[in-house]
Each structure stands twice: as structure tokens, then as C-alpha cells.
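Listing of model-v5.txt; format and content: compact mmCIF, C-alpha atoms.
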```txt
# COMPACT_ATOMS: atom_id res chain seq x y z
CA MET A 946 -5.78 -1.68 -23.16
CA GLU A 947 -7.13 1.47 -21.58
CA ILE A 948 -4.59 4.29 -21.33
CA LYS A 949 -4.48 5.72 -17.82
CA LYS A 950 -4.08 9.39 -17.15
CA SER A 951 -1.61 10.71 -14.59
CA GLU A 952 -4.52 11.61 -12.29
CA GLU A 953 -5.65 7.98 -12.24
CA VAL A 954 -2.11 6.84 -11.45
CA LEU A 955 -1.93 9.29 -8.55
CA ALA A 956 -5.32 8.05 -7.33
CA GLU A 957 -3.97 4.47 -7.41
CA VAL A 958 -0.90 5.49 -5.38
CA HIS A 959 -3.13 7.26 -2.85
CA ARG A 960 -5.58 4.35 -2.61
CA ASN A 961 -2.73 1.84 -2.24
CA CYS A 962 -1.19 3.86 0.61
CA GLN A 963 -4.51 4.39 2.37
CA LEU A 964 -5.42 0.69 2.26
CA ALA A 965 -1.94 -0.30 3.45
CA LEU A 966 -2.07 2.19 6.33
CA GLN A 967 -5.51 0.90 7.33
CA SER A 968 -4.36 -2.73 7.19
CA ILE A 969 -1.27 -2.05 9.25
CA SER A 970 -3.30 -0.14 11.84
CA ASP A 971 -5.74 -3.05 12.06
CA ILE A 972 -3.01 -5.70 12.35
CA LEU A 973 -0.66 -3.88 14.72
CA PRO A 974 -2.70 -4.48 17.92
CA GLU A 975 -2.78 -8.21 17.13
CA ALA A 976 0.97 -8.54 16.51
CA GLU A 977 2.87 -9.81 19.52
CA ASP A 978 6.17 -10.64 17.78
CA ALA A 979 8.71 -7.81 18.17
CA ASP A 980 10.15 -8.24 14.65
CA VAL A 981 6.68 -8.16 13.09
CA ARG A 982 5.73 -5.05 15.07
CA GLU A 983 8.97 -3.34 14.05
CA GLU A 984 8.40 -4.16 10.36
CA LEU A 985 4.78 -2.98 10.55
CA LEU A 986 5.83 0.34 12.09
CA LYS A 987 8.61 0.83 9.52
CA GLN A 988 6.21 0.16 6.66
CA HIS A 989 3.51 2.37 8.17
CA GLU A 990 6.01 5.24 8.21
CA GLU A 991 6.97 4.65 4.57
CA TYR A 992 3.32 4.52 3.42
CA GLU A 993 2.62 7.74 5.34
CA LYS A 994 5.60 9.43 3.65
CA ILE A 995 4.54 8.37 0.14
CA GLY A 996 0.88 9.10 0.85
CA GLY A 997 1.88 12.58 2.03
CA LYS A 998 3.81 13.16 -1.20
CA ALA A 999 0.72 12.06 -3.17
CA ALA A 1000 -1.43 14.54 -1.24
CA ILE A 1001 1.02 17.39 -1.93
CA ILE A 1002 1.14 16.58 -5.65
CA ALA A 1003 -2.67 16.37 -5.75
CA LYS A 1004 -3.01 19.73 -4.01
CA ASN A 1005 -0.48 21.38 -6.33
CA LYS A 1006 -2.16 19.97 -9.44
CA ASN A 1007 -5.72 20.49 -8.16
CA ILE A 1008 -6.53 16.76 -8.22
CA ASP A 1009 -9.23 15.43 -5.89
CA LEU A 1010 -8.18 12.16 -4.23
CA LYS A 1011 -10.84 9.89 -2.76
CA ASN A 1012 -10.29 7.77 0.32
CA PRO A 1013 -11.44 4.14 0.47
CA SER A 1014 -15.07 3.88 1.53
CA PRO A 1015 -16.00 3.17 5.15
CA ILE A 1016 -17.56 -0.10 3.96
CA LYS A 1017 -14.26 -1.20 2.37
CA LYS A 1018 -12.41 -0.29 5.57
CA ALA A 1019 -14.91 -2.18 7.72
CA MET A 1020 -14.62 -5.26 5.50
CA MET A 1021 -10.82 -5.14 5.77
CA TRP A 1022 -10.98 -4.69 9.54
CA SER A 1023 -13.31 -7.65 10.03
CA SER A 1024 -11.25 -9.85 7.72
CA ILE A 1025 -8.04 -8.99 9.58
CA LYS A 1026 -9.63 -9.52 13.00
CA MET A 1027 -11.05 -12.90 11.95
CA ASN A 1028 -7.71 -13.99 10.48
CA THR A 1029 -5.65 -12.92 13.48
CA MET A 1030 -8.15 -14.33 15.98
CA LYS A 1031 -7.47 -17.80 14.55
CA ASP A 1032 -3.72 -17.29 14.31
CA ASN A 1033 -1.66 -14.25 15.23
CA SER A 1034 1.70 -15.96 14.82
CA ARG A 1035 4.62 -14.25 13.17
CA ALA A 1036 4.37 -16.46 10.08
CA HIS A 1037 0.61 -15.94 9.67
CA ILE A 1038 0.79 -12.15 9.96
CA ALA A 1039 3.77 -12.09 7.58
CA GLU A 1040 1.76 -14.22 5.13
CA MET A 1041 -1.23 -11.84 5.38
CA MET A 1042 1.00 -8.83 4.80
CA THR A 1043 2.72 -10.55 1.88
CA GLN A 1044 -0.64 -11.18 0.22
CA GLY A 1045 -1.67 -7.54 0.63
CA THR A 1046 1.68 -6.30 -0.61
CA VAL A 1047 1.53 -8.54 -3.70
CA MET A 1048 -1.95 -7.17 -4.47
CA GLY A 1049 -0.54 -3.63 -4.23
CA ILE A 1050 2.45 -4.49 -6.44
CA THR A 1051 0.18 -6.06 -9.04
CA ALA A 1052 -2.16 -3.04 -9.08
CA LEU A 1053 0.77 -0.62 -9.40
CA LYS A 1054 2.49 -2.57 -12.16
CA THR A 1055 -0.77 -2.77 -14.09
CA THR A 1056 -1.44 0.92 -13.61
CA LEU A 1057 2.09 1.93 -14.65
CA SER A 1058 1.94 -0.27 -17.74
CA GLU A 1059 -1.32 1.40 -18.76
CA MET A 1060 0.01 4.92 -18.21
CA SER A 1061 0.27 7.02 -21.33
CA GLU A 1062 3.95 7.88 -21.83
CA ASP A 1063 3.02 10.84 -24.00
CA TYR A 1064 1.10 12.56 -21.23
CA ALA A 1065 2.77 11.07 -18.17
CA ASP A 1066 3.36 13.53 -15.37
CA LYS A 1067 6.99 13.03 -14.30
CA ASP A 1068 6.34 13.62 -10.57
CA ILE A 1069 3.38 11.23 -10.48
CA LYS A 1070 5.21 8.52 -12.39
CA GLU A 1071 8.26 8.81 -10.13
CA LEU A 1072 6.05 8.59 -7.02
CA ALA A 1073 4.29 5.49 -8.35
CA GLU A 1074 7.67 3.92 -9.08
CA GLU A 1075 8.90 4.85 -5.57
CA LEU A 1076 5.87 3.13 -4.04
CA LEU A 1077 6.36 0.09 -6.27
CA HIS A 1078 10.01 -0.17 -5.20
CA SER A 1079 9.04 0.16 -1.52
CA GLU A 1080 6.38 -2.53 -1.83
CA GLU A 1081 8.80 -4.90 -3.55
CA GLN A 1082 11.19 -4.40 -0.63
CA PHE A 1083 8.35 -4.96 1.85
CA GLU A 1084 7.46 -8.22 0.11
CA LYS A 1085 11.05 -9.43 0.57
CA SER A 1086 11.00 -8.44 4.25
CA TRP A 1087 7.74 -10.31 4.88
CA LYS A 1088 8.98 -13.40 3.11
CA THR A 1089 11.98 -13.58 5.48
CA LEU A 1090 9.58 -13.41 8.44
CA ILE A 1091 7.36 -16.22 7.14
CA ALA A 1092 10.05 -18.86 7.53
```
Would it be possible to restate this file's structure as C-alpha cells?
Amino acid sequence: MEIKKSEEVLAEVHRNCQLALQSISDILPEAEDADVREELLKQHEEYEKIGGKAAIIAKNKNIDLKNPSPIKKAMMWSSIKMNTMKDNSRAHIAEMMTQGTVMGITALKTTLSEMSEDYADKDIKELAEELLHSEEQFEKSWKTLIA
């Protein structure tokens, strides 16, 4: 198992937030259900807050964070548009968001498990754990909207 440095963990938090923000922005115009829109906006705010904390930590520690590539963003946008064109129901959007959230949770859990405890930066680890907790709550929220 490769041991991840704190910088790599922070990069994962940043990437996770950026992809989530992009996905939510792409899905929001397609969402007609009031509860779905409300949940999307609430989650967007939380990802912005955590992403902002990641940016501050990066600036203070002189870490360069990379944003997802324009190609990755375009692929996500087209996938979301194709999926919601076929079905923009509450359940379908909740299912799409659940899948994305589970991918984020899996990536964060893997990253945290590979983090070197000896050299772990406390602020970065706490931020990654905060994001993980938020995503686990988001998953629960989406699952209630699927039914």
C-alpha cells in the first residue's frame, strides 16, 4: 500500500469538492422537484465551504492544488445532460447523486486509510474527515429521496 502524504490528501479533498460542485451545477437546471433542488443547493453550499477551507490550508502551507481538467468537466456535463434528458425525475436525480457521493466516499476512505499517521497534518486530516462525514450525510439524504 502506498503511503499518502498530507498534500495528496488535501488534493483529494479539493478534487472531490470541485467535482461535486461541478456536478451539482450541471444537475441543478434539470431538477424540477423542490426537495431535490433544496438538497442540491444545501450540498453545494457545504462543498463550497469545505473547498474554501482546503484552499486556505493550501495557501497557508504553500501547496498547489489542481482543478479537474476541462475535458473531465465536459465529460461529466455531457453524461449528466444525457442522463437527465432521459429522466429528470426526483428518484433518478437522487440515484445519480447517490452514485457520485458513494464514489467520493470511497475515494476519501481509501485516501485516509493510506495516509501516513506519522506525518499526517492535523488540519488536513480533520478537513478530509469533515468532508467524509458530510458526504455520508448526503448519501443518507439522497437515499430518502430515491424512494
Which residues come within 12 Å of Glu1074 of chain A, counting all atoms listed in the file, excluding same-chain residues fewer than 2 positions away, as a compact mmCIF listing (two decimals) with C-alpha atoms, in the coordinates of the input?
```
# COMPACT_ATOMS: atom_id res chain seq x y z
CA VAL A 954 -2.11 6.84 -11.45
CA LEU A 955 -1.93 9.29 -8.55
CA GLU A 957 -3.97 4.47 -7.41
CA VAL A 958 -0.90 5.49 -5.38
CA ILE A 995 4.54 8.37 0.14
CA ILE A 1050 2.45 -4.49 -6.44
CA LEU A 1053 0.77 -0.62 -9.40
CA LYS A 1054 2.49 -2.57 -12.16
CA THR A 1055 -0.77 -2.77 -14.09
CA THR A 1056 -1.44 0.92 -13.61
CA LEU A 1057 2.09 1.93 -14.65
CA SER A 1058 1.94 -0.27 -17.74
CA MET A 1060 0.01 4.92 -18.21
CA LYS A 1067 6.99 13.03 -14.30
CA ASP A 1068 6.34 13.62 -10.57
CA ILE A 1069 3.38 11.23 -10.48
CA LYS A 1070 5.21 8.52 -12.39
CA GLU A 1071 8.26 8.81 -10.13
CA LEU A 1072 6.05 8.59 -7.02
CA LEU A 1076 5.87 3.13 -4.04
CA LEU A 1077 6.36 0.09 -6.27
CA HIS A 1078 10.01 -0.17 -5.20
CA SER A 1079 9.04 0.16 -1.52
CA GLU A 1080 6.38 -2.53 -1.83
CA GLU A 1081 8.80 -4.90 -3.55
```
Quick one: of A:Ala1003, A:Ala956, A:Met1042, A:Ala965, who's nearest to Leu1090 of chain A, counting all atoms listed in the file? A:Met1042
Using all atoms of segment 1078-1082 of chain A that appear in the file, construct an axis-aligned enclosing box with 4 Å of padding on every side and provide its centre coordinates and edge lengths in Å, rounded to one decimal, as JSON.
```
{"center_x": 8.8, "center_y": -2.4, "center_z": -2.9, "size_x": 12.8, "size_y": 13.1, "size_z": 12.6}
```
Skip segment 1026-1038 of chain A itself and residues of its chain fewer than 5 positions away, then list as a ChimeraX atom specification all residues within 12 Å of it, counting only C-alpha atoms. /A:968-985,1019-1021,1043-1045,1086-1092
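Between atom CA of Lys950 of chain A and atom CA of Ala1065 of chain A lies a distance of 7.1 Å.
For the choices A:Asn1012, A:Ala1039, A:Lys987, A:Ile1001, the atom-to-atom distance to Asn961 of chain A is smallest for A:Asn1012 when using all atoms listed in the file.
One distance worth recording is that between atom CA of Trp1022 of chain A and atom CA of Met1041 of chain A, which is 12.8 Å.
Take atom CA of Ala999 of chain A and atom CA of Lys1018 of chain A: the distance between them is 20.0 Å.
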Using all atoms listed in the file, which of A:Arg960, A:Gln1082, A:Ala1073, A:Pro1013 sits nearest Val1047 of chain A? A:Gln1082
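Each of A:Glu1062, A:Gly1049, A:Gln967, A:Lys1085 was compared to Ser1023 of chain A using all atoms listed in the file, and A:Gln967 turns out to be the nearest.
Comparing the minimum interatomic distances between Leu986 of chain A and each of A:Leu966, A:Ala1000, A:Ile1008, A:Met1048, counting all atoms listed in the file, we find that A:Leu966 sits nearest.
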Pick out the closest residue to Ser951 of chain A from this set: A:Glu1075, A:Ile1002, A:Ser1024, A:Phe1083. Count only C-alpha atoms. A:Ile1002
